[in-house]
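Q: Next up, my_file00.cif (mmCIF, C-alpha atoms).
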data_final
loop_
_atom_site.label_atom_id
_atom_site.label_comp_id
_atom_site.auth_asym_id
_atom_site.auth_seq_id
_atom_site.Cartn_x
_atom_site.Cartn_y
_atom_site.Cartn_z
CA MET A 5 12.29 -15.39 -38.19
CA ASP A 6 9.73 -12.60 -37.74
CA LEU A 7 10.02 -10.65 -34.52
CA TRP A 8 6.40 -11.25 -33.56
CA ILE A 9 7.05 -15.02 -33.68
CA VAL A 10 10.22 -14.60 -31.59
CA SER A 11 8.22 -12.52 -29.08
CA LEU A 12 5.51 -15.17 -28.84
CA ILE A 13 8.08 -17.94 -28.33
CA ILE A 14 9.86 -16.01 -25.56
CA GLY A 15 6.54 -15.13 -23.90
CA PHE A 16 5.23 -18.69 -24.07
CA ALA A 17 8.52 -20.13 -22.79
CA LEU A 18 8.46 -17.73 -19.83
CA LEU A 19 4.87 -18.69 -19.05
CA LEU A 20 5.77 -22.37 -19.28
CA ILE A 21 8.60 -22.20 -16.75
CA LEU A 22 6.32 -20.31 -14.37
CA VAL A 23 3.52 -22.85 -14.73
CA ILE A 24 5.71 -25.91 -14.18
CA GLY A 25 7.23 -24.32 -11.07
CA VAL A 26 10.86 -23.72 -12.10
CA PRO A 27 12.44 -21.23 -9.63
CA ILE A 28 12.16 -17.89 -11.39
CA THR A 29 15.84 -16.93 -11.09
CA PHE A 30 17.13 -20.14 -12.66
CA GLY A 31 14.24 -20.11 -15.12
CA LEU A 32 15.18 -16.66 -16.39
CA THR A 33 18.87 -17.53 -16.67
CA GLY A 34 18.28 -20.92 -18.33
CA LEU A 35 15.67 -19.49 -20.68
CA SER A 36 18.05 -16.74 -21.74
CA VAL A 37 20.87 -19.18 -22.47
CA VAL A 38 18.72 -21.62 -24.48
CA LEU A 39 16.90 -18.99 -26.52
CA LEU A 40 20.07 -17.03 -27.26
CA LEU A 41 21.57 -20.23 -28.68
CA ILE A 42 18.46 -20.73 -30.81
CA PHE A 43 17.95 -17.18 -32.06
CA ARG A 44 21.58 -16.04 -32.13
CA ASP A 45 24.69 -18.25 -31.87
CA ALA A 46 27.16 -19.56 -29.30
CA ASP A 47 29.08 -16.27 -29.31
CA ALA A 48 25.97 -14.58 -27.85
CA LEU A 49 26.56 -16.47 -24.60
CA TYR A 50 29.34 -13.99 -23.87
CA LEU A 51 26.51 -11.50 -23.37
CA ILE A 52 25.21 -13.65 -20.50
CA ILE A 53 28.62 -13.55 -18.82
CA ALA A 54 28.87 -9.79 -19.34
CA ALA A 55 25.36 -9.26 -17.96
CA THR A 56 26.15 -11.35 -14.86
CA LEU A 57 29.36 -9.42 -14.17
CA LYS A 58 27.54 -6.12 -14.70
CA GLN A 59 24.79 -7.00 -12.22
CA MET A 60 27.33 -8.13 -9.63
CA SER A 61 29.36 -4.93 -9.94
CA THR A 62 26.57 -2.33 -10.18
CA ASP A 63 27.08 0.09 -7.30
CA ILE A 64 23.41 0.63 -6.46
CA PHE A 65 22.82 -3.09 -5.92
CA ILE A 66 25.41 -3.10 -3.12
CA ALA A 67 22.78 -1.31 -1.02
CA VAL A 68 20.48 -4.33 -1.22
CA PRO A 69 22.34 -6.67 1.21
CA LEU A 70 22.95 -3.75 3.58
CA PHE A 71 19.27 -2.79 3.80
CA ILE A 72 18.33 -6.45 4.19
CA LEU A 73 20.84 -6.81 7.05
CA MET A 74 19.42 -3.67 8.67
CA ALA A 75 15.92 -5.15 8.47
CA THR A 76 16.93 -8.50 9.97
CA ILE A 77 18.79 -6.86 12.86
CA LEU A 78 15.77 -4.65 13.59
CA GLN A 79 13.59 -7.76 13.60
CA PHE A 80 15.51 -9.00 16.67
CA SER A 81 16.13 -5.57 18.25
CA GLY A 82 12.90 -5.30 20.24
CA VAL A 83 11.88 -2.06 18.49
CA ALA A 84 8.59 -3.49 17.22
CA GLY A 85 7.61 -4.76 20.67
CA ASP A 86 8.23 -1.35 22.25
CA LEU A 87 6.26 0.38 19.50
CA TYR A 88 3.34 -1.98 19.97
CA GLU A 89 3.33 -1.43 23.74
CA SER A 90 3.15 2.34 23.15
CA MET A 91 0.34 2.06 20.60
CA HIS A 92 -1.45 -0.42 22.88
CA LYS A 93 -1.73 2.31 25.53
CA TRP A 94 -2.60 5.20 23.22
CA VAL A 95 -5.11 3.72 20.76
CA GLY A 96 -6.29 0.61 22.59
CA PRO A 97 -9.27 2.46 24.14
CA VAL A 98 -10.63 3.18 20.63
CA LYS A 99 -12.73 0.55 18.84
CA GLY A 100 -10.44 -1.12 16.34
CA GLY A 101 -7.56 0.80 17.89
CA LEU A 102 -5.18 -2.14 18.19
CA ALA A 103 -5.59 -2.98 14.49
CA SER A 104 -5.19 0.69 13.49
CA GLY A 105 -2.16 0.98 15.75
CA THR A 106 -0.68 -2.11 14.13
CA VAL A 107 -0.95 -0.42 10.72
CA VAL A 108 0.80 2.67 12.12
CA ILE A 109 3.57 0.53 13.61
CA CYS A 110 3.99 -1.30 10.31
CA THR A 111 4.31 2.11 8.63
CA ILE A 112 7.10 3.09 11.02
CA ILE A 113 8.85 -0.27 10.63
CA ALA A 114 8.52 0.17 6.83
CA ALA A 115 10.46 3.41 7.09
CA ILE A 116 13.39 1.67 8.78
CA SER A 117 13.48 -1.74 7.10
CA GLY A 118 12.72 -1.77 3.35
CA VAL A 119 11.70 -5.44 3.35
CA ALA A 120 8.12 -6.75 3.29
CA ALA A 121 8.74 -9.74 5.55
CA THR A 122 9.99 -7.71 8.53
CA ALA A 123 6.76 -6.04 9.64
CA THR A 124 4.52 -8.96 8.65
CA THR A 125 6.40 -11.62 10.59
CA THR A 126 7.30 -9.40 13.55
CA MET A 127 3.82 -7.95 14.08
CA GLY A 128 2.30 -11.34 13.32
CA LEU A 129 4.17 -12.70 16.33
CA ILE A 130 3.58 -9.69 18.60
CA ALA A 131 0.22 -8.11 17.73
CA LEU A 132 -1.77 -11.02 16.29
CA PRO A 133 -1.96 -13.08 19.52
CA GLU A 134 -3.02 -9.99 21.51
CA MET A 135 -5.86 -9.08 19.16
CA HIS A 136 -6.91 -12.71 18.80
CA LYS A 137 -7.11 -12.99 22.60
CA ARG A 138 -9.23 -9.83 22.83
CA GLY A 139 -11.83 -11.06 20.34
CA TYR A 140 -10.93 -9.04 17.25
CA TYR A 141 -12.47 -10.20 13.98
CA MET A 142 -9.54 -12.13 12.53
CA PRO A 143 -9.84 -11.18 8.82
CA ILE A 144 -9.41 -7.49 9.78
CA VAL A 145 -6.33 -8.33 11.81
CA LEU A 146 -4.81 -10.68 9.24
CA GLY A 147 -5.29 -8.14 6.44
CA ALA A 148 -3.86 -5.28 8.50
CA ILE A 149 -0.66 -7.18 9.33
CA ALA A 150 -0.17 -8.65 5.84
CA GLY A 151 -0.87 -5.28 4.23
CA GLY A 152 1.27 -3.39 6.73
CA GLY A 153 4.24 -5.52 5.76
CA ALA A 154 3.78 -4.51 2.12
CA LEU A 155 4.41 -0.90 3.13
CA GLY A 156 8.01 -1.95 3.77
CA VAL A 157 8.70 -1.86 0.04
CA LEU A 158 6.70 1.32 -0.66
CA ILE A 159 7.86 3.68 2.08
CA PRO A 160 11.62 4.38 1.80
CA PRO A 161 14.12 2.91 2.12
CA SER A 162 12.92 0.12 -0.15
CA VAL A 163 14.91 -2.80 -1.53
CA LEU A 164 12.42 -3.14 -4.39
CA MET A 165 12.86 0.53 -5.35
CA ILE A 166 16.63 0.01 -5.51
CA ILE A 167 16.07 -2.80 -8.01
CA VAL A 168 13.52 -0.75 -9.99
CA GLY A 169 15.95 2.17 -10.10
CA GLY A 170 18.82 -0.08 -11.16
CA TYR A 171 16.89 -1.52 -14.09
CA SER A 172 15.08 1.65 -15.22
CA GLY A 173 17.86 4.19 -14.74
CA VAL A 174 15.59 6.38 -12.58
CA SER A 175 17.22 8.01 -9.55
CA VAL A 176 16.81 5.78 -6.50
CA GLY A 177 16.76 8.89 -4.29
CA LYS A 178 13.80 10.28 -6.23
CA LEU A 179 12.02 6.94 -6.10
CA PHE A 180 12.52 6.89 -2.33
CA ILE A 181 11.04 10.36 -1.88
CA GLY A 182 8.23 9.61 -4.33
CA GLY A 183 7.16 6.64 -2.22
CA ILE A 184 6.57 8.70 0.94
CA LEU A 185 3.21 10.31 0.08
CA PRO A 186 1.50 7.24 -1.47
CA GLY A 187 2.77 5.16 1.46
CA ILE A 188 1.18 7.56 3.93
CA LEU A 189 -2.04 7.67 1.89
CA VAL A 190 -2.27 3.86 1.83
CA SER A 191 -1.61 3.65 5.58
CA LEU A 192 -4.18 6.39 6.30
CA SER A 193 -6.83 4.75 4.11
CA TRP A 194 -6.38 1.48 6.00
CA VAL A 195 -6.70 3.20 9.40
CA ILE A 196 -9.89 4.97 8.24
CA TYR A 197 -11.31 1.68 6.94
CA ILE A 198 -10.61 -0.12 10.22
CA THR A 199 -12.01 2.74 12.32
CA ILE A 200 -15.23 3.06 10.31
CA ARG A 201 -15.80 -0.69 10.14
CA CYS A 202 -15.25 -1.22 13.85
CA ALA A 203 -17.45 1.77 14.70
CA ILE A 204 -20.29 0.16 12.73
CA ARG A 205 -19.60 -3.42 13.82
CA LYS A 206 -18.48 -2.86 17.39
CA MET A 207 -17.77 -6.49 18.20
CA GLU A 208 -15.19 -6.79 15.39
CA GLY A 209 -12.69 -4.51 17.19
CA PRO A 210 -13.54 -4.14 20.88
CA ALA A 211 -11.90 -1.39 22.92
CA LEU A 212 -9.55 -2.27 25.76
CA PRO A 213 -11.11 -2.63 29.22
CA GLU A 214 -10.71 0.40 31.50
CA GLU A 215 -8.13 -1.30 33.73
CA GLU A 216 -5.76 -1.97 30.80
CA ARG A 217 -5.69 1.50 29.31
CA GLY A 218 -2.89 2.97 31.42
CA THR A 219 -2.54 6.38 33.02
CA LEU A 220 -1.63 9.56 31.16
CA TRP A 221 1.89 9.39 32.59
CA GLU A 222 2.33 5.81 31.42
CA LYS A 223 1.21 6.85 27.94
CA ILE A 224 3.68 9.72 27.85
CA VAL A 225 6.54 7.51 29.07
CA SER A 226 5.70 4.91 26.41
CA LEU A 227 6.40 7.48 23.68
CA ARG A 228 10.11 6.98 24.23
CA ALA A 229 9.68 3.87 22.05
CA LEU A 230 9.39 6.24 19.08
CA VAL A 231 12.78 7.87 19.63
CA LEU A 232 15.09 5.14 18.30
CA PRO A 233 13.05 4.35 15.15
CA PHE A 234 12.81 8.01 14.19
CA LEU A 235 16.53 8.51 14.76
CA VAL A 236 17.27 5.62 12.39
CA ILE A 237 14.82 7.03 9.82
CA ALA A 238 16.42 10.48 10.09
CA LEU A 239 19.91 8.98 9.85
CA VAL A 240 19.24 6.97 6.68
CA LEU A 241 16.83 9.18 4.75
CA GLY A 242 18.32 12.49 5.89
CA GLU A 243 21.72 11.53 4.47
CA ILE A 244 20.20 10.52 1.13
CA TYR A 245 17.92 13.55 0.74
CA GLY A 246 20.57 15.94 2.01
CA GLY A 247 23.00 14.73 -0.63
CA ILE A 248 25.48 13.65 2.05
CA CYS A 249 25.51 9.97 1.10
CA THR A 250 24.49 7.68 -1.70
CA PRO A 251 21.80 5.08 -0.88
CA THR A 252 24.55 2.47 -0.51
CA GLU A 253 26.50 4.56 2.00
CA ALA A 254 23.31 5.47 3.87
CA ALA A 255 22.43 1.78 4.10
CA SER A 256 25.67 1.13 6.01
CA PHE A 257 24.71 3.84 8.50
CA GLY A 258 21.30 2.18 8.74
CA VAL A 259 22.97 -1.08 9.78
CA PHE A 260 24.88 0.84 12.45
CA GLY A 261 21.61 2.43 13.64
CA ALA A 262 19.95 -0.98 13.85
CA LEU A 263 22.85 -2.29 15.95
CA VAL A 264 22.45 0.70 18.29
CA CYS A 265 18.71 -0.06 18.62
CA ALA A 266 19.51 -3.66 19.53
CA ALA A 267 22.16 -2.58 22.04
CA VAL A 268 19.88 -0.04 23.75
CA ASN A 269 17.15 -2.69 24.05
CA ARG A 270 19.71 -5.23 25.36
CA LYS A 271 19.12 -7.51 22.39
CA LEU A 272 22.65 -7.30 20.98
CA ARG A 273 23.43 -10.91 21.77
CA TRP A 274 25.29 -13.42 19.62
CA SER A 275 22.22 -15.67 19.39
CA ASN A 276 20.17 -12.82 17.90
CA MET A 277 22.89 -11.44 15.67
CA SER A 278 23.89 -14.82 14.26
CA GLN A 279 20.27 -15.51 13.34
CA ALA A 280 19.99 -12.04 11.79
CA LEU A 281 23.15 -12.62 9.73
CA ILE A 282 21.99 -16.04 8.54
CA THR A 283 18.55 -14.69 7.58
CA ALA A 284 20.11 -11.71 5.79
CA ALA A 285 22.49 -14.00 3.88
CA ARG A 286 19.62 -16.22 2.72
CA ILE A 287 17.44 -13.31 1.58
CA THR A 288 20.38 -11.55 -0.08
CA GLY A 289 21.35 -14.71 -1.95
CA MET A 290 17.80 -15.10 -3.24
CA VAL A 291 17.51 -11.45 -4.30
CA MET A 292 20.92 -11.26 -5.97
CA TRP A 293 20.31 -14.45 -7.94
CA LEU A 294 17.07 -12.82 -9.09
CA VAL A 295 19.05 -9.74 -10.11
CA ILE A 296 21.45 -11.89 -12.15
CA GLY A 297 18.54 -13.75 -13.78
CA GLY A 298 16.89 -10.45 -14.60
CA GLY A 299 20.07 -9.16 -16.20
CA CYS A 300 20.33 -12.25 -18.41
CA TYR A 301 16.68 -11.89 -19.42
CA SER A 302 17.26 -8.22 -20.29
CA VAL A 303 20.07 -9.29 -22.61
CA LEU A 304 17.75 -11.80 -24.30
CA ILE A 305 15.05 -9.16 -24.80
CA SER A 306 17.41 -6.53 -26.20
CA SER A 307 19.69 -8.70 -28.34
CA THR A 308 16.82 -10.53 -30.09
CA GLY A 309 15.06 -7.25 -30.88
CA VAL A 310 11.97 -8.19 -28.88
CA GLY A 311 12.28 -5.12 -26.65
CA ALA A 312 12.27 -2.78 -29.66
CA PHE A 313 9.41 -4.73 -31.25
CA VAL A 314 7.18 -4.50 -28.16
CA SER A 315 8.10 -0.83 -27.81
CA ASN A 316 6.97 -0.20 -31.41
CA VAL A 317 3.70 -2.04 -30.77
CA LEU A 318 2.98 -0.04 -27.60
CA THR A 319 3.87 3.32 -29.11
CA GLY A 320 1.68 2.54 -32.12
CA LEU A 321 -1.46 1.93 -30.06
CA PRO A 322 -4.22 4.53 -30.53
CA THR A 323 -4.72 4.81 -26.75
CA GLY A 324 -2.11 7.53 -26.26
CA PRO A 325 0.54 7.61 -23.51
CA SER A 326 -1.97 7.35 -20.64
CA GLY A 327 -3.63 4.33 -22.24
CA VAL A 328 -0.26 2.63 -22.68
CA VAL A 329 0.54 3.19 -18.99
CA LEU A 330 -2.83 1.68 -18.04
CA ILE A 331 -2.12 -1.38 -20.19
CA MET A 332 1.28 -1.79 -18.53
CA LEU A 333 -0.27 -1.49 -15.06
CA GLY A 334 -2.96 -4.02 -15.99
CA VAL A 335 -0.30 -6.53 -17.06
CA VAL A 336 1.66 -5.95 -13.85
CA PHE A 337 -1.47 -6.29 -11.68
CA VAL A 338 -2.34 -9.69 -13.18
CA MET A 339 1.27 -10.89 -12.90
CA GLY A 340 1.31 -9.79 -9.26
CA MET A 341 -1.29 -12.41 -8.42
CA PHE A 342 1.12 -15.18 -9.38
CA ILE A 343 4.74 -13.97 -9.48
CA ASP A 344 7.21 -12.48 -7.00
CA PRO A 345 7.33 -8.63 -7.27
CA VAL A 346 11.11 -8.57 -7.76
CA ALA A 347 10.79 -11.01 -10.67
CA ILE A 348 8.00 -8.90 -12.20
CA SER A 349 10.29 -5.88 -12.12
CA MET A 350 13.05 -7.73 -13.92
CA ILE A 351 10.71 -9.17 -16.54
CA CYS A 352 8.72 -6.03 -17.31
CA ILE A 353 11.02 -3.03 -16.92
CA PRO A 354 13.37 -3.95 -19.84
CA ILE A 355 10.27 -4.27 -22.05
CA PHE A 356 8.37 -1.22 -20.79
CA MET A 357 11.15 1.37 -20.51
CA PRO A 358 11.86 1.82 -24.25
CA ALA A 359 8.16 2.54 -24.89
CA ILE A 360 7.97 4.89 -21.90
CA LEU A 361 10.94 6.91 -23.18
CA ARG A 362 9.71 6.97 -26.80
CA LEU A 363 6.26 8.21 -25.76
CA GLY A 364 7.72 10.96 -23.62
CA ILE A 365 6.15 9.59 -20.42
CA ASP A 366 7.81 10.78 -17.22
CA PRO A 367 10.03 7.81 -16.18
CA LEU A 368 9.84 8.76 -12.49
CA TRP A 369 6.02 8.88 -12.51
CA SER A 370 5.67 5.65 -14.48
CA MET A 371 8.16 3.73 -12.33
CA LEU A 372 6.48 4.90 -9.12
CA LEU A 373 3.11 3.77 -10.51
CA PHE A 374 4.76 0.50 -11.52
CA THR A 375 6.19 0.06 -8.00
CA ILE A 376 2.84 0.68 -6.28
CA CYS A 377 1.11 -1.74 -8.66
CA VAL A 378 3.75 -4.40 -8.06
CA ILE A 379 3.41 -3.96 -4.29
CA VAL A 380 -0.33 -4.66 -4.48
CA GLY A 381 0.78 -8.14 -5.53
CA TYR A 382 2.21 -8.74 -2.06
CA ILE A 383 -1.34 -9.05 -0.69
CA THR A 384 -3.27 -10.15 -3.78
CA PRO A 385 -4.67 -13.70 -3.79
CA PRO A 386 -3.88 -16.39 -4.67
CA PHE A 387 -0.07 -16.15 -4.39
CA GLY A 388 0.68 -12.84 -2.65
CA ILE A 389 3.89 -13.55 -0.76
CA ASN A 390 2.83 -11.67 2.41
CA LEU A 391 -0.26 -13.86 2.64
CA PHE A 392 2.01 -16.88 3.06
CA TYR A 393 4.19 -15.07 5.60
CA MET A 394 0.94 -14.41 7.46
CA LYS A 395 -0.04 -18.07 7.29
CA GLY A 396 3.28 -18.98 8.85
CA VAL A 397 2.65 -16.93 12.01
CA ALA A 398 -1.15 -17.20 12.27
CA PRO A 399 -2.93 -19.59 14.67
CA GLU A 400 -3.22 -23.16 13.42
CA GLU A 401 -6.97 -22.90 12.84
CA THR A 402 -6.47 -19.97 10.42
CA THR A 403 -7.08 -21.01 6.81
CA MET A 404 -5.74 -19.39 3.66
CA MET A 405 -9.32 -18.41 2.83
CA ASP A 406 -9.46 -16.40 6.08
CA ILE A 407 -6.29 -14.60 5.06
CA TYR A 408 -7.56 -14.00 1.51
CA ARG A 409 -10.82 -12.60 2.86
CA GLY A 410 -8.96 -10.27 5.18
CA ALA A 411 -6.46 -9.04 2.58
CA VAL A 412 -8.89 -8.15 -0.23
CA PRO A 413 -10.24 -4.86 1.28
CA TYR A 414 -6.69 -3.64 1.93
CA ALA A 415 -5.62 -4.53 -1.62
CA LEU A 416 -8.65 -2.66 -3.03
CA LEU A 417 -7.79 0.45 -1.00
CA MET A 418 -4.23 0.30 -2.32
CA VAL A 419 -5.61 0.12 -5.87
CA ILE A 420 -7.73 3.22 -5.14
CA VAL A 421 -4.60 5.10 -4.05
CA LEU A 422 -2.90 3.89 -7.26
CA VAL A 423 -5.79 5.32 -9.30
CA PHE A 424 -5.46 8.67 -7.52
CA CYS A 425 -1.71 8.72 -8.22
CA PHE A 426 -2.41 7.96 -11.89
CA LYS A 427 -5.04 10.69 -12.12
CA PHE A 428 -2.98 13.27 -10.22
CA PRO A 429 0.72 12.74 -11.11
CA SER A 430 1.87 15.52 -8.77
CA LEU A 431 1.10 13.20 -5.83
CA LEU A 432 4.12 11.19 -6.94
CA ILE A 433 6.52 13.57 -8.65
CA TRP A 434 6.14 16.95 -6.94
CA LEU A 435 8.02 16.08 -3.76
CA PRO A 436 11.01 14.28 -5.36
CA ASN A 437 11.40 16.91 -8.06
CA THR A 438 11.30 19.63 -5.38
CA MET A 439 13.80 17.99 -3.03
CA ILE A 440 16.26 16.60 -5.61
CA LYS A 441 17.18 18.59 -8.69
#
How does the structure come out when it is put into structure tokens?
A:
Amino acid sequence: MDLWIVSLIIGFALLLILVIGVPITFGLTGLSVVLLLIFRDADALYLIIAATLKQMSTDIFIAVPLFILMATILQFSGVAGDLYESMHKWVGPVKGGLASGTVVICTIIAAISGVAATATTTMGLIALPEMHKRGYYMPIVLGAIAGGGALGVLIPPSVLMIIVGGYSGVSVGKLFIGGILPGILVSLSWVIYITIRCAIRKMEGPALPEEERGTLWEKIVSLRALVLPFLVIALVLGEIYGGICTPTEAASFGVFGALVCAAVNRKLRWSNMSQALITAARITGMVMWLVIGGGCYSVLISSTGVGAFVSNVLTGLPTGPSGVVLIMLGVVFVMGMFIDPVAISMICIPIFMPAILRLGIDPLWSMLLFTICVIVGYITPPFGINLFYMKGVAPEETTMMDIYRGAVPYALLMVIVLVFCFKFPSLLIWLPNTMIK
């Protein structure tokens, strides 16, 4: 059978399982088994077993459950509440200050969690009621919290980047460092947007009343809330960038740091820790099943020759390397509106990487662009996963349309940062190539 027909069948079958609502992990695994039987033979099923064992024993993927556990412990540690109280005092007097401060807090939480759900759910429970009570325009608030959570998988450490690195062969340490600058740019662009909008439309982000602003001494004392988060960040990232530990080893230190944060804040109770462990186990199970499904799908793509076929098609396009990258990003952007970002990584990377290598495109640059583009999907209607996290913690009268309306400006600003990173590759690759040789 011609390879283009095989490619169409695999593509249509994948689309079908997505449309009918089959869970993506079982869909990828089942699809791989059935199509390998059709296009190869029963002996090819040994490849599925080998792929599953390989995914389960890959060292870098061991970091995933550890970073997830760190994030869930931090969610119950009280760190986010202390950070919000500090930002409440410092930026509350500025119009839109609480929303801008929420973005900054989400940026800090992103640097110590690596999971999108942590900042969105935590700040949704802490910051959203406060801003709602003070008359903030809800779409601005909803977008800021949903978008801020997405920074958790862009600013290192990032569970998604570990998966991208595992599938692409790009250094996870370099991916981590490469995510710092675009993460800061995205966060800064959101703060500027909120500040300008609330300066023009003053009623959308009212400043705190005089009596709630706190004294200078109270503001200075509140800064102690920054100490623990920055110590955890320094502990985890410093060990990776300094070459002291691998990401997996650093993740274990991150769990220890999260436990210390909980203990200092007197949150290290069995009720909190048991809930953190249960939540971490559920998320880890979901992610690792996705990893196994992605490994099986990679075997299907490579063993049927579809990966090589698509690579030949992409490298033969008259658009040149930059045009091929734009096509890839366009495909990922559309998929992000409907599919989980982890699943997108597992579907696309095995297909894209051969073409990237054959065209001489920098794998680090392309995978960082890929990661940013995938992350936009967290807040892109109609099925951005953070939008549904937001719905879960928002007031009952909040509709999905309110959340969509709030998220769109933040998604557009993230796309603008993506365009800048495409146009100026040094924004992504200079820092990692300087720090890690």
Q: I'd like the residues picked by the PyMOL selection byres ((chain A and resi 240) around 12) written out as JSON, numbers by chain, using the chain letters and numbers from the file.
A: {"A": [67, 70, 71, 74, 115, 116, 117, 118, 160, 161, 162, 177, 180, 233, 234, 235, 236, 237, 238, 239, 241, 242, 243, 244, 245, 246, 247, 248, 249, 250, 251, 252, 253, 254, 255, 256, 257, 258, 259, 260, 261, 262]}
Q: If I take atom CA of A:Ile282 and atom CA of A:Ile77, how far is one from the other in Å, to one decimal?
A: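 Taking atom CA of A:Ile282 and atom CA of A:Ile77, their separation equals 10.6 Å.
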Q: So that I can check the surroundings of A:Leu435, please list as a list in words every protein, DNA and RNA residue that reaches within 12 Å of it, counting only C-alpha atoms and ignoring chain neighbours fewer than 2 positions away.
A: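 The neighbour list is Gly177, Lys178, Leu179, Phe180, Ile181, Gly182, Gly183, Ile184, Leu185, Pro186, Tyr245, Leu368, Trp369, Pro429, Ser430, Leu431, Leu432, Ile433, Asn437, Thr438, Met439, Ile440 and Lys441 of chain A.
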Q: Between atom CA of A:Thr125 and atom CA of A:Ala229, measure the distance and give it in Å to one decimal.
A: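 Computing it gives 19.5 Å between the two atoms.
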Q: For this file, the PyMOL selection byres ((chain A and resi 356) around 10) selects which residues, as a CSV table (one decimal) with C-alpha atoms, in the frame of the given file?
A:
chain,number,residue,atom,x,y,z
A,172,SER,CA,15.1,1.6,-15.2
A,311,GLY,CA,12.3,-5.1,-26.6
A,312,ALA,CA,12.3,-2.8,-29.7
A,314,VAL,CA,7.2,-4.5,-28.2
A,315,SER,CA,8.1,-0.8,-27.8
A,318,LEU,CA,3.0,0.0,-27.6
A,328,VAL,CA,-0.3,2.6,-22.7
A,329,VAL,CA,0.5,3.2,-19.0
A,332,MET,CA,1.3,-1.8,-18.5
A,351,ILE,CA,10.7,-9.2,-16.5
A,352,CYS,CA,8.7,-6.0,-17.3
A,353,ILE,CA,11.0,-3.0,-16.9
A,354,PRO,CA,13.4,-4.0,-19.8
A,355,ILE,CA,10.3,-4.3,-22.0
A,357,MET,CA,11.2,1.4,-20.5
A,358,PRO,CA,11.9,1.8,-24.2
A,359,ALA,CA,8.2,2.5,-24.9
A,360,ILE,CA,8.0,4.9,-21.9
A,361,LEU,CA,10.9,6.9,-23.2
A,370,SER,CA,5.7,5.6,-14.5
A,371,MET,CA,8.2,3.7,-12.3
Q: Which residues are near A:Val338? Cut-off 10 Å, all atoms listed in the file, ignore same chain within fewer than 6 positions. Put them as a list in words.
A: Cys377, Val378, Gly381 and Thr384 of chain A
Q: Quick one: 5 Å padding each side, axis-aligned, all listed atoms of stretch 272-280 of chain A - centre and edge lengths in Å to one decimal, as lines of an AutoDock Vina configuration file?
A:
center_x = 22.6
center_y = -11.5
center_z = 16.8
size_x = 15.3
size_y = 18.4
size_z = 20.0
Q: Please indicate the distance in Å from atom CA of A:Met350 to atom CA of A:Val37, rounded to one decimal place.
A: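 Pair atom CA of A:Met350 / atom CA of A:Val37 returns 16.3 Å.
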Q: With only C-alpha atoms as the atoms that count, which of A:Leu321, A:Ile305, A:Ile343, A:Leu372 lies nearest to A:Leu7?
A: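 Ranked by minimum distance to A:Leu7, first place goes to A:Ile305.
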